[in-house]
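Following: one structure in structure tokens, then a few remarks.
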Amino acid sequence: MREKKPSAGRGRKRSVKRLLTTAALLILLLVAWKSLAFYGFAPDVPRSDKRVVSLHPDVRAAADRLVRQAADRGIDIAITSGFRSGEEQDRLYRQGRQDAGNIVTNARGGQSYHNYGLAIDFALRDGSDIVWDMERDGNGNGRSDWMEVVELAKALGFDWGGDWENFPDYPHLQMDFGHTLRQLRHGKFPKGSVTE
């Protein structure tokens, strides 16, 4: 008795079924990955892009103008922070949580405009001392030096972290150029921010 060979039609049906099953699995994986990417958890979404290694040129220029304009008013300021890597940001985030010190940020690596070269922090100077006193009137004009600096910064195009309702960040100044953190995490940068 001869064995019955499967017909070519059955073999094709199995191949088509396997192909459709594989395609369905790939679509499910793609949907799951996109969902994770939306929330910033995809493995290939950088916590901060390695191509960004310094302040955006426009932010740097505005920071320099801010220092000069404040000096013209008799206010000496220091830029205490600029670009931060994702690892530096994570260290700051751990402060006051896992590490000693006060909580200074709610942003993990990749969740701060500092990580993309679009933010600076400032403080006042008193000789060689850094001063965080927001009420100080070192130039004696009856106005807070801190708030004078904020006024100058806003005129230069900076947004001030002190205006944030959830977690005011009084030393923080940023220029986002219309970019959200989500866009930055996904590689969309303002012109001039990326080092090729």
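Ordered as shown in the structure tokens, chains take letters A, B, and onward, while each chain numbers its residues from 1 and ligands are numbered from 1 in the order shown.
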Considering only C-alpha atoms, return as a list in words whatever protein or nucleic-acid residues lie within 9 Å of A:Trp132, sequence-local ones (same chain, fewer than 6 positions apart) excluded.
Phe122, Ala123, Leu124, Arg125, Trp146 and Pro171 of chain A
Could you write out that same residue set with N, CA and C atoms as an mmCIF file, in the first residue's frame?
data_model
loop_
_atom_site.group_PDB
_atom_site.id
_atom_site.type_symbol
_atom_site.label_atom_id
_atom_site.label_comp_id
_atom_site.auth_asym_id
_atom_site.auth_seq_id
_atom_site.Cartn_x
_atom_site.Cartn_y
_atom_site.Cartn_z
ATOM 1 N N PHE A 122 20.732 79.288 38.062
ATOM 2 C CA PHE A 122 21.555 80.431 38.444
ATOM 3 C C PHE A 122 21.472 80.639 39.949
ATOM 4 N N ALA A 123 22.395 81.429 40.449
ATOM 5 C CA ALA A 123 22.388 81.889 41.842
ATOM 6 C C ALA A 123 23.059 83.252 41.866
ATOM 7 N N LEU A 124 22.901 83.938 42.981
ATOM 8 C CA LEU A 124 23.558 85.238 43.158
ATOM 9 C C LEU A 124 24.951 85.015 43.714
ATOM 10 N N ARG A 125 25.841 85.967 43.459
ATOM 11 C CA ARG A 125 27.190 85.939 44.034
ATOM 12 C C ARG A 125 27.328 87.100 45.012
ATOM 13 N N TRP A 146 17.096 88.678 43.039
ATOM 14 C CA TRP A 146 16.670 87.427 42.405
ATOM 15 C C TRP A 146 15.575 87.686 41.375
ATOM 16 N N PRO A 171 15.795 78.440 40.956
ATOM 17 C CA PRO A 171 17.007 78.777 40.192
ATOM 18 C C PRO A 171 16.926 78.413 38.702
#
DSSP on the backbone: which residues in stretch 53-139 of chain A end up as strand (DSSP E or B)? Give the answer as a count of residues only.
18
Spatial neighbours of stretch 58-74 of chain A, 8 Å, only C-alpha atoms, chain gap at least 3 places, as JSON, numbers by chain:
{"A": [55, 77, 78, 79, 117, 118, 119, 120, 138, 139, 148, 149, 152, 153, 156, 174, 175]}
Restrict the selected residues to C-alpha atoms and save them as a JSON list (two decimals), in the first residue's frame.
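Output file selection_4.json follows:
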[["chain", "number", "residue", "atom", "x", "y", "z"],
["A", 55, "LEU", "CA", 24.10, 73.92, 26.05],
["A", 77, "ILE", "CA", 25.20, 86.06, 39.22],
["A", 78, "ALA", "CA", 26.66, 82.61, 38.66],
["A", 79, "ILE", "CA", 25.36, 79.97, 36.27],
["A", 117, "GLY", "CA", 21.11, 71.47, 26.79],
["A", 118, "LEU", "CA", 18.04, 73.71, 27.04],
["A", 119, "ALA", "CA", 18.18, 74.80, 30.70],
["A", 120, "ILE", "CA", 20.43, 76.55, 33.20],
["A", 138, "GLY", "CA", 22.57, 93.65, 47.09],
["A", 139, "ASN", "CA", 22.35, 96.56, 44.65],
["A", 148, "GLU", "CA", 15.33, 91.31, 38.87],
["A", 149, "VAL", "CA", 17.34, 88.46, 37.33],
["A", 152, "LEU", "CA", 15.74, 89.92, 32.73],
["A", 153, "ALA", "CA", 15.71, 86.18, 31.95],
["A", 156, "LEU", "CA", 15.54, 87.09, 26.98],
["A", 174, "GLN", "CA", 14.84, 77.03, 30.31],
["A", 175, "MET", "CA", 14.15, 77.54, 26.62]]
So that I can check the surroundings of A:Ala107, please list as a short mmCIF file (atom, residue, chain, number, x, y, z; two decimals) with C-alpha atoms, in the first residue's frame every protein, DNA and RNA residue that reaches within 8 Å of it, counting only C-alpha atoms and ignoring chain neighbours fewer than 4 positions away.
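File produced: selection-v9.cif:
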data_model
loop_
_atom_site.label_atom_id
_atom_site.label_comp_id
_atom_site.auth_asym_id
_atom_site.auth_seq_id
_atom_site.Cartn_x
_atom_site.Cartn_y
_atom_site.Cartn_z
CA GLN A 89 20.27 63.87 36.55
CA ASP A 90 19.64 60.46 38.12
CA TYR A 93 17.05 62.67 41.65
CA GLN A 111 12.98 64.12 32.09
CA SER A 112 14.74 67.48 32.44
#
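Note that the spacing between atom CA of A:Asp176 and atom CA of A:His114 amounts to 10.3 Å.
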When DSSP is applied to the backbone of this structure, which of stretch 33-166 of chain A are assigned helix (DSSP H, G or I)? Write them out as a count of residues only.
49
Judged by only C-alpha atoms, the minimum distance to A:Asp169 among A:Asp121, A:Thr21, A:Asn115, A:Val16 is found for A:Asp121
Would you kindly return, as a PyMOL selection string, each protein, DNA or RNA residue with an atom no farther than 12 Å from any atom of A:Arg91, considering only C-alpha atoms and excluding same-chain residues fewer than 5 positions away?
chain A and resi 84-86+96-101+103-109
With N, CA and C atoms retained, write the just-selected residues as a PDB file, in the first residue's frame.
ATOM      1  N   ARG A  84      23.261  68.679  31.669  1.00  0.00           N
ATOM      2  CA  ARG A  84      23.492  67.539  32.571  1.00  0.00           C
ATOM      3  C   ARG A  84      23.229  66.254  31.818  1.00  0.00           C
ATOM      4  N   SER A  85      24.092  65.283  31.989  1.00  0.00           N
ATOM      5  CA  SER A  85      23.851  63.966  31.400  1.00  0.00           C
ATOM      6  C   SER A  85      22.703  63.291  32.152  1.00  0.00           C
ATOM      7  N   GLY A  86      22.158  62.244  31.564  1.00  0.00           N
ATOM      8  CA  GLY A  86      21.117  61.471  32.234  1.00  0.00           C
ATOM      9  C   GLY A  86      21.597  60.893  33.550  1.00  0.00           C
ATOM     10  N   GLY A  96      18.127  63.096  48.584  1.00  0.00           N
ATOM     11  CA  GLY A  96      16.952  63.278  49.425  1.00  0.00           C
ATOM     12  C   GLY A  96      16.000  62.096  49.382  1.00  0.00           C
ATOM     13  N   ARG A  97      16.275  61.147  48.506  1.00  0.00           N
ATOM     14  CA  ARG A  97      15.455  59.939  48.444  1.00  0.00           C
ATOM     15  C   ARG A  97      16.304  58.768  48.936  1.00  0.00           C
ATOM     16  N   GLN A  98      17.267  58.335  48.133  1.00  0.00           N
ATOM     17  CA  GLN A  98      18.156  57.247  48.538  1.00  0.00           C
ATOM     18  C   GLN A  98      19.465  57.773  49.117  1.00  0.00           C
ATOM     19  N   ASP A  99      19.857  58.981  48.705  1.00  0.00           N
ATOM     20  CA  ASP A  99      21.124  59.570  49.160  1.00  0.00           C
ATOM     21  C   ASP A  99      20.833  60.729  50.116  1.00  0.00           C
ATOM     22  N   ALA A 100      21.865  61.122  50.857  1.00  0.00           N
ATOM     23  CA  ALA A 100      21.726  62.221  51.816  1.00  0.00           C
ATOM     24  C   ALA A 100      21.431  63.537  51.105  1.00  0.00           C
ATOM     25  N   GLY A 101      20.794  64.454  51.821  1.00  0.00           N
ATOM     26  CA  GLY A 101      20.516  65.785  51.295  1.00  0.00           C
ATOM     27  C   GLY A 101      19.030  66.024  51.121  1.00  0.00           C
ATOM     28  N   ILE A 103      15.671  66.957  48.753  1.00  0.00           N
ATOM     29  CA  ILE A 103      15.170  66.711  47.399  1.00  0.00           C
ATOM     30  C   ILE A 103      15.292  68.020  46.617  1.00  0.00           C
ATOM     31  N   VAL A 104      15.955  67.948  45.473  1.00  0.00           N
ATOM     32  CA  VAL A 104      16.155  69.146  44.657  1.00  0.00           C
ATOM     33  C   VAL A 104      15.514  69.043  43.281  1.00  0.00           C
ATOM     34  N   THR A 105      15.033  67.846  42.912  1.00  0.00           N
ATOM     35  CA  THR A 105      14.398  67.689  41.606  1.00  0.00           C
ATOM     36  C   THR A 105      13.402  66.543  41.641  1.00  0.00           C
ATOM     37  N   ASN A 106      12.403  66.647  40.807  1.00  0.00           N
ATOM     38  CA  ASN A 106      11.468  65.544  40.587  1.00  0.00           C
ATOM     39  C   ASN A 106      11.720  64.883  39.240  1.00  0.00           C
ATOM     40  N   ALA A 107      12.768  65.313  38.554  1.00  0.00           N
ATOM     41  CA  ALA A 107      13.051  64.814  37.206  1.00  0.00           C
ATOM     42  C   ALA A 107      14.173  63.783  37.239  1.00  0.00           C
ATOM     43  N   ARG A 108      13.889  62.630  36.674  1.00  0.00           N
ATOM     44  CA  ARG A 108      14.920  61.603  36.473  1.00  0.00           C
ATOM     45  C   ARG A 108      15.659  61.914  35.171  1.00  0.00           C
ATOM     46  N   GLY A 109      16.700  61.147  34.891  1.00  0.00           N
ATOM     47  CA  GLY A 109      17.443  61.317  33.650  1.00  0.00           C
ATOM     48  C   GLY A 109      16.531  61.230  32.446  1.00  0.00           C
TER      49      GLY A 109
END
